[in-house]
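Peer 1: Shown below is the structure under consideration.
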Amino acid sequence: MSTAAPPRGQRDGFRDARAAGDLTGTGRLFRFALLRDRLRVPLWALALGGLVGYFGAVLPLAYPDQAALQTRAAILKDPSGALLSGPGYGLENYTLGAMLANEVLGMLAVAAALMSIFLVVRHTRAEEESGRAELVRAGVVGRYAPLTAALGALLVANGAVAVVLAAAMLGNGLAGADSLALAAGVAAVGLVFGAGAAVTAQLSQSARGATGLAGGALGLAYLLRGIGDAQRVGGSTLSWLSPVGWSQQTRAFVDLRWWPLLPSAVLAALLCLAAYLLASRRDLGAGLLAARPGPSRATRALASPAGLALRLERGSILSWCLGLFAFALLTGSMGRTIVESFEARPELAVVIGGSTGGDALRATLSAFLRYFAMAVAVHAVVTVNRLRREEDSGRTALLLAAGAGRARLLLHCLAVTLAADALLLLAAGFGLGAGAASAVGPGAGNLALEFTAASLAYLPLVSCFAALTALAYGLRTGSWWVWLILIASLLIGLYGPILRLPEALLDAEPFGLVPAVPSVPLNGNPLLLMGLTALVLLAAAVPAFRRRDLSV
Amino acid sequence: MSPVIDVHKLSKNFGAVRALDELDLRLEAGEVHGFLGPNGAGKSTTIRVLLGAVKADSGTVRLFGEDPWTEAVRLHRRLSYVPGDVNLWPKITGGEAIDLLVSLRGGADGRRRSELLERFDLDPSKKARTYSKGNRQKVALVAALASDVELLVLDEPTSGLDPLMERVFQDCVREAKAAGRTVLLSSHLLAEVETLCDRVTIIRQGQTVQSGALSELRHLARAAVSVVCGKDPSGVALLPGVHDVRRDGERLLFSVEDGALPAVLEHLLPLDIGSLTSTPPTLEELFVHQYSPDAQGARS
């Protein structure tokens with residue numbers, strides 16, 4: 001290396017001047033980042049604040065007296081309840097605040113972490129990948145200015161989320177200091193994973209890769225605290241290995257303590273430091289994980305729209321598959337404990353959706369299988385929606401010009417999505433059954449086989465959501481209404497029984513229409529109807545796509 | 001006076017790929033310098049090193065006499081850059097993007113900005129999502145030319161521009177030269193380089209293969225000769241340094257190596273010449289000659 005390395009004695013003097021220069025332009029880029037996010041960040045903050053405000057208003061109606069609250073508290077004492085929500089403290093005298101801290105904080109923290117990961121990657125790696133960073137850095141802009149501006153925007157976004165959350169809780173008449181601690185806990189998780197994304201943005205050469213790595217870390221963190229909380233009421237060692245766990249350990253509204261937020265602050269600072277160190281060591285646009293060269297010729301399998309879709313999605317399909325299988329295995333292995341707690345407290349079964357009569361284990365696991373089917377439906381909507389991005393980037397026009405044909409393009413994408421979703425359902429069903437079988441031992445029949453087969457009962461419904469997304473794409477209406485239907489179905493399906501919503505609404509919820517196999521016998525009629533609905537939607541989607549203009 | 005750009009034996013590897021292999025490049029103050037090479041030769045990588053975005057593995061790189069990697073921030077006050085593939089923020093208008101880029105360089109003359117917008121016929125109120133490639137290119141050009149800088153680094157700046165805009169661009173480069181600015185122009189449009197540049201550097205596979213004034217480089221390629229004679233001139237094909245002899249009606253066409261022309265004329269004079277034209281090699285011929293298989297074979 002013979003580029004200007006000043007003599008050793010001079011170096012320290014130079015370093016100060018250089019360090020200052022490396023941040024030149026940060027203020028301008030920071031303001032520009034806020035300009036770009038002027039709609040996104042307020043929307044995230046209002047959505048999260050709205051969710052808390054909604055819970056704050058609805059939960060007192062659903063749990064009008066202490067007896068009702070104690071029923072709810074009993075769920076948290078159970079490992080399966082703790083796995084999905086939080087550590088469970090203050091259960092002896094459960095209150096609305098404790099309910100938010102135990103059960104809603106984790107969900108809010110994951111949302112804030114996702115917002116933060118998207119934000120940081122958007123302002124760092126995505127800028128490099130698109131070549132815009134090169135244009136910006138050719139100006140009087142220091143090496144660390146883009147990263148610093150992104151971290152500044154991260155701080156502002158999480159600050160906004162915390163303020164709106166705290167305001168929503170104070171508006172519901174909850175205690176001030178505890179509300180602040182809960183809001184700060186959510187923001188702390190956001191900051192940690194935003195800083196984590198700043199590190200993965202240095203490692204991966206693509207924005208998608210950086211998001212995937214950081215998202216994987218988030219999934220792991222949530223799983224760790226889930227297992228940790230399930231092991232012991234109040235949390236165990238594993239809970240303390242997760243940033244989500246730290247925020248939950250502030251015990252807001254029960255026995256407030258602030259110090260568990262300290263590790264989050266330290267970890268976020270260390271991750272930022274790591275990001276700066278890595279950034280100083282690499283070229284613009286380069287990743288530290290080198291991109292491997294690929295084959296120079298396409299195989300026969302790639303040479304069709306379906307082959308291409310499969311190739312582009314295979315990494316995502318694989319990680320969904322592994323994630324769902326691991327989570328299902330874990331849930332299944334707790335089957336025995338769940339059933340025992342249901343037998344001890346029959347009122348729980350009503351809430352979770354399981355049953356004490358007959359084969360309690362099968363009934364409970366069948367209810368869980370439905371939750372996994374909901375996740376697969378999300379995957380279907382996300383995957384079909386990629387068509388929009390392909391079109392906006394001009395790649396769809398390229399394929400169509402090469403003679404792919406619009407109907408063929410759309411149908412191939414759907415075929416790949418549904419094949420992938422069938423695989424995801426099978427993986428979840430197999431994981432659930434195998435986990436349960438390993439927990440209860442022989443004598444319960446072949447649970448693994450039973451649940452693997454049963455999982456496919458949800459495929460017609462998942463197809464409906466995929467076809468609905470295809471229709472939204474064909475009409476180019478935007479997919480917001482598909483998400484609205486899906487999220488409403490999920491919320492009613494998940495929380496409907498707890499919130500004691502009207503029976504008619506619960507019955508109309510799509511996931512409730514699928515027979516809860518294998519605990520109830522398979523009734524083919526609703527499945528057939530759903531399959532037909534999917535076909536009708538698809539039959540509308542194809543001509544709609546054929547008739548409209550491409551976006552570019 | 002020290003050169004504005006002085007690159008000596010610059011090497012850069014990306015993993016196992018050697019992108020730059022002891023490349024040399026030198027620009028004196030005030031010159032317009034063409035930077036040529038086939039796709040993947042290392043032009044953009046060299047420019048990224050000059051901008052301090054990519055770190056050299058070995059060799060010396062000096063921009064205004066300083067190291068562009070460590071002194072990037074100070075040096076960037078003195079230069080503007082236009083990439084060949086401009087990507088903008090979809091929801092930001094062209095005018096906003098120009099102002100952002102200009103303000104990152106320390107501001108610019110507002111009059112000059114509006115004058116350039118007019119000359120390049122660019123609507124600054126449209127969102128970048130709706131711009132064509134040529135219009136995105138104009139955004140980067142206006143932002144670069146609006147600042148009062150000493151050096152313009154242009155990496156295929158006219159890809160996507162129509163011929164009218166190409167002409168506006170050439171005027172702007174001439175004005176920059178008249179104002180004493182230095183220009184590094186990487187381009188595939190050889191006619192553009194020929195009309196604008198004083199000197200050129202041609203690179204191949206990360207190495208400099210030719211560098212110098214255009215007039216000097218012409219000597220390296222063959223002149224095209226067209227002749228009509230009263231008597232049969234086809235014997236000329238036997239002379240050393242004469243290639244590609246072919247007949248077009250009564251006309252005989254061939255190419256002549258530099259230095260072989262006197263002998264050719266001597267041969268033709270007694271043959272009753274009706275007309276004779278000799279065209280010096282164009283840059284395109286020079287370029288093709290440089291990369292033709294036999295030229296490569298001769299070097300290795």
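Following the order of the structure tokens, chains are lettered A, B, ..., residues in each are numbered from 1, and ligands are numbered from 1.
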Excluding same-chain residues fewer than 3 positions from stretch 392-407 of chain A, what lies within 7 Å of it counting only C-alpha atoms, as an MDAnalysis selection string?
Peer 2: chainID A and resid 388:389 410:411 542 546 551:552
Peer 1: Compute the chain B side of the contact with chain A at 6 Å, counting only C-alpha atoms, and hand it back as a list of chain:residue names.
Peer 2: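 Here is what falls inside 6 Å: B:Ala53, B:Val54, B:Ser58, B:Thr60, B:Asp67, B:Val73, B:His76, B:Arg77, B:Asn87, B:Leu104, B:Arg105.
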Peer 1: Taking the DSSP assignment computed from this structure's backbone, write out as a PyMOL selection string all residues of stretch 349-511 of chain A that belong to helix (DSSP H, G or I).
Peer 2: chain A and resi 349-352+360-392+395-401+406-440+447-475+480-499+503-508+510-511
Peer 1: If we count only C-alpha atoms and set the cut-off at 9 Å, which residues sit around stretch 122-126 of chain A, ignoring sequence neighbours fewer than 5 positions away in its own chain? Please answer as a JSON list (two decimals) with N, CA and C atoms, in the first residue's frame.
Peer 2:
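The result, written out as selection15.json:
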```
[["chain", "number", "residue", "atom", "x", "y", "z"],
["A", 33, "ALA", "N", -32.95, 12.39, 4.53],
["A", 33, "ALA", "CA", -33.54, 11.11, 4.95],
["A", 33, "ALA", "C", -34.91, 11.36, 5.59],
["A", 117, "ILE", "N", -35.26, -1.86, 10.85],
["A", 117, "ILE", "CA", -34.43, -2.60, 9.89],
["A", 117, "ILE", "C", -34.68, -2.05, 8.48],
["A", 131, "GLY", "N", -26.70, 2.67, -6.76],
["A", 131, "GLY", "CA", -25.71, 3.57, -7.34],
["A", 131, "GLY", "C", -25.89, 5.02, -6.92],
["A", 132, "ARG", "N", -26.97, 5.30, -6.16],
["A", 132, "ARG", "CA", -27.20, 6.68, -5.74],
["A", 132, "ARG", "C", -26.14, 7.13, -4.74],
["A", 133, "ALA", "N", -25.65, 6.18, -3.93],
["A", 133, "ALA", "CA", -24.64, 6.53, -2.92],
["A", 133, "ALA", "C", -23.37, 7.05, -3.59],
["A", 146, "PRO", "N", -23.26, 9.08, 5.25],
["A", 146, "PRO", "CA", -24.54, 8.40, 4.97],
["A", 146, "PRO", "C", -24.98, 7.50, 6.13],
["A", 147, "LEU", "N", -24.03, 6.76, 6.71],
["A", 147, "LEU", "CA", -24.36, 5.86, 7.82],
["A", 147, "LEU", "C", -24.84, 6.66, 9.03],
["A", 149, "ALA", "N", -26.17, 9.65, 9.03],
["A", 149, "ALA", "CA", -27.49, 10.22, 8.75],
["A", 149, "ALA", "C", -28.57, 9.17, 8.93],
["A", 150, "ALA", "N", -28.30, 7.93, 8.49],
["A", 150, "ALA", "CA", -29.29, 6.85, 8.63],
["A", 150, "ALA", "C", -29.54, 6.55, 10.10],
["A", 153, "ALA", "N", -31.71, 9.20, 11.53],
["A", 153, "ALA", "CA", -33.12, 9.00, 11.16],
["A", 153, "ALA", "C", -33.73, 7.86, 11.99],
["A", 198, "ALA", "N", -27.57, -1.87, 10.49],
["A", 198, "ALA", "CA", -26.43, -1.09, 10.02],
["A", 198, "ALA", "C", -25.22, -1.99, 9.85],
["A", 200, "THR", "N", -25.47, -5.47, 9.25],
["A", 200, "THR", "CA", -25.71, -6.40, 8.14],
["A", 200, "THR", "C", -25.62, -5.67, 6.80],
["A", 201, "ALA", "N", -25.91, -4.36, 6.80],
["A", 201, "ALA", "CA", -25.79, -3.58, 5.56],
["A", 201, "ALA", "C", -24.33, -3.49, 5.11],
["A", 202, "GLN", "N", -23.39, -3.63, 6.05],
["A", 202, "GLN", "CA", -21.98, -3.65, 5.66],
["A", 202, "GLN", "C", -21.59, -5.02, 5.14],
["A", 204, "SER", "N", -23.68, -7.62, 3.71],
["A", 204, "SER", "CA", -24.30, -8.14, 2.51],
["A", 204, "SER", "C", -24.21, -7.13, 1.38],
["A", 205, "GLN", "N", -24.10, -7.65, 0.14],
["A", 205, "GLN", "CA", -23.97, -6.73, -0.99],
["A", 205, "GLN", "C", -25.34, -6.26, -1.49],
["A", 206, "SER", "N", -26.41, -6.92, -1.04],
["A", 206, "SER", "CA", -27.74, -6.53, -1.51],
["A", 206, "SER", "C", -28.60, -6.07, -0.35],
["A", 207, "ALA", "N", -29.54, -5.17, -0.65],
["A", 207, "ALA", "CA", -30.44, -4.68, 0.38],
["A", 207, "ALA", "C", -31.30, -5.81, 0.92],
["A", 208, "ARG", "N", -31.71, -6.72, 0.00],
["A", 208, "ARG", "CA", -32.55, -7.82, 0.44],
["A", 208, "ARG", "C", -31.79, -8.73, 1.39],
["A", 210, "ALA", "N", -29.27, -7.85, 3.34],
["A", 210, "ALA", "CA", -29.07, -7.15, 4.61],
["A", 210, "ALA", "C", -30.33, -7.21, 5.46],
["A", 285, "GLY", "N", -20.14, 0.11, -2.21],
["A", 285, "GLY", "CA", -20.83, -0.86, -3.05],
["A", 285, "GLY", "C", -20.43, -2.29, -2.78]]
```
Peer 1: What's the 7 Å shell around A:Phe430, counting only C-alpha atoms, without same-chain residues fewer than 2 positions away, as a PyMOL selection string?
Peer 2: chain A and resi 426-428+432-434+448-449+451-452
Peer 1: How many Å separate atom CA of A:Gly235 from atom CA of A:Ala101?
Peer 2: 13.7 Å
Peer 1: Could you tell me how far atom CA of A:Gly496 sits from atom CA of A:Thr331, in Å to one decimal place?
Peer 2: 21.2 Å
Peer 1: Hey, what does DSSP flag as strand (DSSP E) within stretch 78-290 of chain B? Can you give it to me as an NGL selection string?
Peer 2: :B and (79-82 or 151-155 or 182-186 or 199-204 or 207-213 or 223-229 or 242-248 or 251-256 or 273-279)
Peer 1: Per residue of stretch 358-443 of chain A within 9 Å of stretch 457-477 of chain A, note the shortest atom pair and the distance in Å to one decimal, counting only C-alpha atoms, and order the rows by chain and increasing residue number, as a Markdown table.
Peer 2:
```
| residue | atom | partner | partner_atom | distance |
| --- | --- | --- | --- | --- |
| A:Arg370 | CA | A:Tyr458 | CA | 8.0 |
| A:Ala373 | CA | A:Tyr458 | CA | 6.4 |
| A:Met374 | CA | A:Val462 | CA | 8.3 |
| A:Val376 | CA | A:Val462 | CA | 7.2 |
| A:Ala377 | CA | A:Val462 | CA | 5.1 |
| A:Val378 | CA | A:Phe465 | CA | 8.5 |
| A:Ala380 | CA | A:Ala466 | CA | 5.4 |
| A:Val381 | CA | A:Ala466 | CA | 5.6 |
| A:Val382 | CA | A:Thr469 | CA | 8.7 |
| A:Thr383 | CA | A:Ala466 | CA | 8.4 |
| A:Val384 | CA | A:Thr469 | CA | 6.3 |
| A:Asn385 | CA | A:Thr469 | CA | 6.7 |
| A:Leu387 | CA | A:Tyr473 | CA | 7.5 |
| A:Arg388 | CA | A:Tyr473 | CA | 6.8 |
| A:Leu410 | CA | A:Ala470 | CA | 7.6 |
| A:Leu414 | CA | A:Ala466 | CA | 7.0 |
| A:Thr417 | CA | A:Ala466 | CA | 7.7 |
| A:Leu418 | CA | A:Ser463 | CA | 6.6 |
| A:Asp421 | CA | A:Leu459 | CA | 7.5 |
| A:Ala422 | CA | A:Leu459 | CA | 6.4 |
| A:Leu425 | CA | A:Leu459 | CA | 7.7 |
```
Peer 1: How would the residues just picked look written out with N, CA and C atoms as a PDB file, in the first residue's frame?
Peer 2:
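Saved the output as again_31.pdb:
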```
ATOM      1  N   ARG A 370     -54.017 -23.894  12.665  1.00  0.00           N
ATOM      2  CA  ARG A 370     -54.680 -22.769  12.020  1.00  0.00           C
ATOM      3  C   ARG A 370     -53.794 -21.515  12.066  1.00  0.00           C
ATOM      4  N   ALA A 373     -51.258 -21.758   9.420  1.00  0.00           N
ATOM      5  CA  ALA A 373     -51.853 -21.511   8.105  1.00  0.00           C
ATOM      6  C   ALA A 373     -51.973 -20.006   7.854  1.00  0.00           C
ATOM      7  N   MET A 374     -52.232 -19.245   8.919  1.00  0.00           N
ATOM      8  CA  MET A 374     -52.314 -17.781   8.779  1.00  0.00           C
ATOM      9  C   MET A 374     -50.972 -17.222   8.316  1.00  0.00           C
ATOM     10  N   VAL A 376     -48.753 -18.792   6.590  1.00  0.00           N
ATOM     11  CA  VAL A 376     -48.547 -19.188   5.193  1.00  0.00           C
ATOM     12  C   VAL A 376     -49.347 -18.268   4.266  1.00  0.00           C
ATOM     13  N   ALA A 377     -50.547 -17.851   4.706  1.00  0.00           N
ATOM     14  CA  ALA A 377     -51.345 -16.928   3.888  1.00  0.00           C
ATOM     15  C   ALA A 377     -50.601 -15.603   3.705  1.00  0.00           C
ATOM     16  N   VAL A 378     -49.923 -15.153   4.770  1.00  0.00           N
ATOM     17  CA  VAL A 378     -49.114 -13.928   4.665  1.00  0.00           C
ATOM     18  C   VAL A 378     -48.029 -14.131   3.605  1.00  0.00           C
ATOM     19  N   ALA A 380     -48.128 -16.060   1.048  1.00  0.00           N
ATOM     20  CA  ALA A 380     -48.732 -16.067  -0.291  1.00  0.00           C
ATOM     21  C   ALA A 380     -48.930 -14.641  -0.798  1.00  0.00           C
ATOM     22  N   VAL A 381     -49.462 -13.773   0.067  1.00  0.00           N
ATOM     23  CA  VAL A 381     -49.731 -12.393  -0.360  1.00  0.00           C
ATOM     24  C   VAL A 381     -48.412 -11.668  -0.668  1.00  0.00           C
ATOM     25  N   VAL A 382     -47.413 -11.859   0.195  1.00  0.00           N
ATOM     26  CA  VAL A 382     -46.109 -11.213  -0.023  1.00  0.00           C
ATOM     27  C   VAL A 382     -45.513 -11.661  -1.356  1.00  0.00           C
ATOM     28  N   THR A 383     -45.570 -12.968  -1.626  1.00  0.00           N
ATOM     29  CA  THR A 383     -44.905 -13.503  -2.816  1.00  0.00           C
ATOM     30  C   THR A 383     -45.588 -13.030  -4.096  1.00  0.00           C
ATOM     31  N   VAL A 384     -46.908 -13.100  -4.153  1.00  0.00           N
ATOM     32  CA  VAL A 384     -47.601 -12.655  -5.370  1.00  0.00           C
ATOM     33  C   VAL A 384     -47.381 -11.150  -5.565  1.00  0.00           C
ATOM     34  N   ASN A 385     -47.275 -10.428  -4.463  1.00  0.00           N
ATOM     35  CA  ASN A 385     -47.065  -8.984  -4.543  1.00  0.00           C
ATOM     36  C   ASN A 385     -45.728  -8.601  -5.174  1.00  0.00           C
ATOM     37  N   LEU A 387     -44.737  -9.386  -7.886  1.00  0.00           N
ATOM     38  CA  LEU A 387     -45.009  -9.069  -9.288  1.00  0.00           C
ATOM     39  C   LEU A 387     -44.997  -7.566  -9.516  1.00  0.00           C
ATOM     40  N   ARG A 388     -45.510  -6.818  -8.542  1.00  0.00           N
ATOM     41  CA  ARG A 388     -45.560  -5.360  -8.687  1.00  0.00           C
ATOM     42  C   ARG A 388     -44.171  -4.770  -8.796  1.00  0.00           C
ATOM     43  N   LEU A 410     -48.515 -14.626 -15.165  1.00  0.00           N
ATOM     44  CA  LEU A 410     -49.298 -14.558 -13.935  1.00  0.00           C
ATOM     45  C   LEU A 410     -49.538 -15.964 -13.377  1.00  0.00           C
ATOM     46  N   LEU A 414     -48.288 -17.740  -9.815  1.00  0.00           N
ATOM     47  CA  LEU A 414     -49.226 -18.319  -8.851  1.00  0.00           C
ATOM     48  C   LEU A 414     -48.909 -19.780  -8.587  1.00  0.00           C
ATOM     49  N   THR A 417     -46.044 -19.921  -6.266  1.00  0.00           N
ATOM     50  CA  THR A 417     -46.456 -19.502  -4.924  1.00  0.00           C
ATOM     51  C   THR A 417     -47.210 -20.629  -4.223  1.00  0.00           C
ATOM     52  N   LEU A 418     -48.143 -21.247  -4.924  1.00  0.00           N
ATOM     53  CA  LEU A 418     -48.962 -22.275  -4.286  1.00  0.00           C
ATOM     54  C   LEU A 418     -48.151 -23.538  -3.987  1.00  0.00           C
ATOM     55  N   ASP A 421     -46.320 -22.707  -0.949  1.00  0.00           N
ATOM     56  CA  ASP A 421     -47.175 -22.647   0.231  1.00  0.00           C
ATOM     57  C   ASP A 421     -47.617 -24.044   0.672  1.00  0.00           C
ATOM     58  N   ALA A 422     -47.825 -24.934  -0.308  1.00  0.00           N
ATOM     59  CA  ALA A 422     -48.131 -26.321   0.060  1.00  0.00           C
ATOM     60  C   ALA A 422     -46.968 -26.892   0.870  1.00  0.00           C
ATOM     61  N   LEU A 425     -47.003 -25.408   4.368  1.00  0.00           N
ATOM     62  CA  LEU A 425     -48.047 -26.007   5.198  1.00  0.00           C
ATOM     63  C   LEU A 425     -47.611 -27.388   5.680  1.00  0.00           C
TER      64      LEU A 425
END
```
Peer 1: Env of A:Cys272: 9 Å cut, atoms = only C-alpha atoms, seq-sep filter 2 positions within chain, self excluded. Answer as a PyMOL selection string.
Peer 2: chain A and resi 151+195-196+198-199+267-270+274-277
Peer 1: So what do you get for atom CA of A:Leu213 versus atom CA of A:Ala197, distance-wise?
Peer 2: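 We find that atom CA of A:Leu213 and atom CA of A:Ala197 lie 7.9 Å from each other.
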Peer 1: Excluding stretch 49-63 of chain A and its own-chain neighbours fewer than 6 positions away, which residues fall within 6 Å of it when counting only C-alpha atoms? Please give them as a list in words.
Peer 2: Leu69, Val164, Leu165, Ala168 and Leu499 of chain A
Peer 1: Excluding B:Val173 and residues on its chain fewer than 4 positions from it, collect all residues at most 12 Å away from it, counting only C-alpha atoms, and give them as a ChimeraX atom specification.
Peer 2: /B:30-33,141,144-145,151-154,157-158,166-169,177-185,192-193,195-197
